[in-house]
Amino acid sequence: MKDIGTTSLVILGALLLSVTLAHGEEAPLHLALPTDNTALLRGDDSEFYQVIERNLHGVISYPWQGGRYGFVRDPVELAGETVYTRFHEGLDIRPMQRDARGEPLDEVRAIADGTVVYTNTAAGASNYGRYVVVEHRWGACPYYSLYGHLSAIAVHPGEPVRQGEKLAIMGHTGEGITRERAHVHLELNLLLNDHFAAWHDTFFKNDPNWHGIYNGINLAGLDLARLYLALRGNSSLTIPAFIAQEETYYKVIVENSPNFELPTRYPWLLEGAPNEKPLSWEVSFARSGLPLHIAPSKRRVVQPELSYVKSGPIDCRYLTRGVVAGHGEKAHLTDSGQALMRLLTFPD
């Protein structure tokens with residue numbers, strides 16, 4: 001690892017200051033649902049989530065559970081149990097209104113005050129179809145709501161929006177979304193790295209990135225449905241307090257780079273405050289890949305290294321979106337996992 005020297009010490013000082021400021025400014029959340037469909041809050045999940053088509057052992061079904069956040073898709077039999085291996089990063093909210101042709105009519109609205117930072121108007125340029133990203137500021141930190149599969153977009157980048165303000169009309173744009181399965185896909189995310197476009201050009205040379213830093217790979221989503229419900233019982237809940245409840249599934253050590261942006265963008269991720277420049281950082285992740293904690297490490301690394309994974313009989317590649325493979329002492333970062341961890345400190 002290169003000696004960062006004085007630059008790193010300056011960054012470290014800024015980190016310590018930002019930790020103090022951020023922890024003093026954590027803000028309670030006031031979130032609204034993006035459409036008139038409020039069945040989630042009544043406990044009527046089957047009326048809230050849009051169904052998917054599932055093929056399990058040749059039996060076709062249409063479970064609403066596939067519209068939830070989490071590992072809810074692509075079931076396989078592993079170690080004598082059914083394991084859902086495909087992660088769904090948002091909520092698929094079904095429409096309340098359709099016209100005579102079956103087209104959805106629901107308005108899609110901002111879940112909180114914010115600023116529109118990106119709109120994708122080219123339906124075929126993303127699996128999200130036409131989508132909008134809104135930046136929100138809570139506790140001096142940026143968070144990003146994403147609204148996907150839209151039919152028409154009513155806002156432009158740079159435009160401030162208020163909670164409940166119309167962003168778009170629900171649709172079924174995006175790969176594999178039929179009119180019958182029209183919905184809005186909703187996420188709430190952390191942003192990983194401002195240098196994402198250069199990272200993508202390095203690791204995906206033959207796959208154009210049309211969306212700058214607002215590509216879905218650069219957005220790590222939290223369990224928004226659970227957050228909505230948790231806020232009903234605790235109106236003072238903050239995102240740091242909510243994420244602190246998540247289970248650590250694996251940990252990765254990355255080098256101490258001036259381009260490691262997570263601690264400065266989300267200083268509440270830091271566990272304590274290091275007294276001196278650490279050799280590296282150990283990042284804890286949920287099974288989904290959502291960053292949970294960052295701790296200073298004394299291990300010198302030249303590339304990301306797996307330092308912990310939850311033990312179990314099933315190969316981790318099925319449980320971690322392919323970031324980690326194997327289990328026990330043979331667990332390791334996959335090539336794609338290495339590339340994703342490089343994103344955290346890119347250009348490193």
# chains A, B, ... in the order shown; residues from 1 in each chain; ligands from 1
>>> residues_around(residues="Gly212 of chain A", least_positions_apart="6", cutoff="10 Å", atoms="only C-alpha atoms", output="list in words")
Tyr118, Asp194, His195, Phe196, Ala197, Ala198, His200 and Asn218 of chain A
>>> select_by_dssp(residues="segment 196-334 of chain A", states="strand (DSSP E)", output="MDAnalysis selection string")
chainID A and resid 219:221 250:255 280:285 291:297 305:309 324:325 332:333
>>> residues_around(residues="segment 303-305 of chain A", least_positions_apart="6", cutoff="10 Å", atoms="only C-alpha atoms", output="number ranges by chain")
A: 1, 251-255, 280-282, 332-333, 337-342, 344-345, 348
>>> residues_around(residues="segment 146-156 of chain A", least_positions_apart="4", cutoff="10 Å", atoms="only C-alpha atoms", output="PyMOL selection string")
chain A and resi 34+90-92+103-105+107-111+115-121+123+126-135+160-161+165-175+177+182-189+214+216+219+221
>>> closest_residue(among="A:Ser297, A:Thr85, A:Ser235, A:Asn206", to="Asp315 of chain A", atoms="only C-alpha atoms")
A:Thr85
>>> atom_distance(atom1="atom CA of Asp201 of chain A", atom2="atom CA of Leu343 of chain A")
11.6 Å
>>> closest_residue(among="A:Thr82, A:Gln163, A:Gln65, A:Thr202", to="Asp113 of chain A", atoms="only C-alpha atoms")
A:Gln163
>>> atom_distance(atom1="atom CA of Leu33 of chain A", atom2="atom CA of Met96 of chain A")
13.2 Å
>>> closest_residue(among="A:Gly164, A:Pro75, A:Gly322, A:Gly139", to="Leu237 of chain A", atoms="only C-alpha atoms")
A:Gly139
>>> residues_around(residues="Asn37 of chain A", least_positions_apart="5", cutoff="10 Å", atoms="only C-alpha atoms", output="ChimeraX atom specification")
/A:47-49,93-97,106
>>> write_last_selection(atoms="C-alpha atoms", output="PDB file, in the first residue's frame")
ATOM      1  CA  GLU A  47     -52.707  -5.762  -2.147  1.00  0.00           C
ATOM      2  CA  PHE A  48     -49.521  -3.697  -1.932  1.00  0.00           C
ATOM      3  CA  TYR A  49     -46.863  -5.706  -3.775  1.00  0.00           C
ATOM      4  CA  ILE A  93     -45.904  -1.379  -5.680  1.00  0.00           C
ATOM      5  CA  ARG A  94     -48.943  -2.408  -7.690  1.00  0.00           C
ATOM      6  CA  PRO A  95     -51.289   0.142  -9.315  1.00  0.00           C
ATOM      7  CA  MET A  96     -54.629   1.281  -7.935  1.00  0.00           C
ATOM      8  CA  GLN A  97     -56.042   2.652 -11.197  1.00  0.00           C
ATOM      9  CA  ASP A 106     -51.270   6.108 -10.719  1.00  0.00           C
TER      10      ASP A 106
END
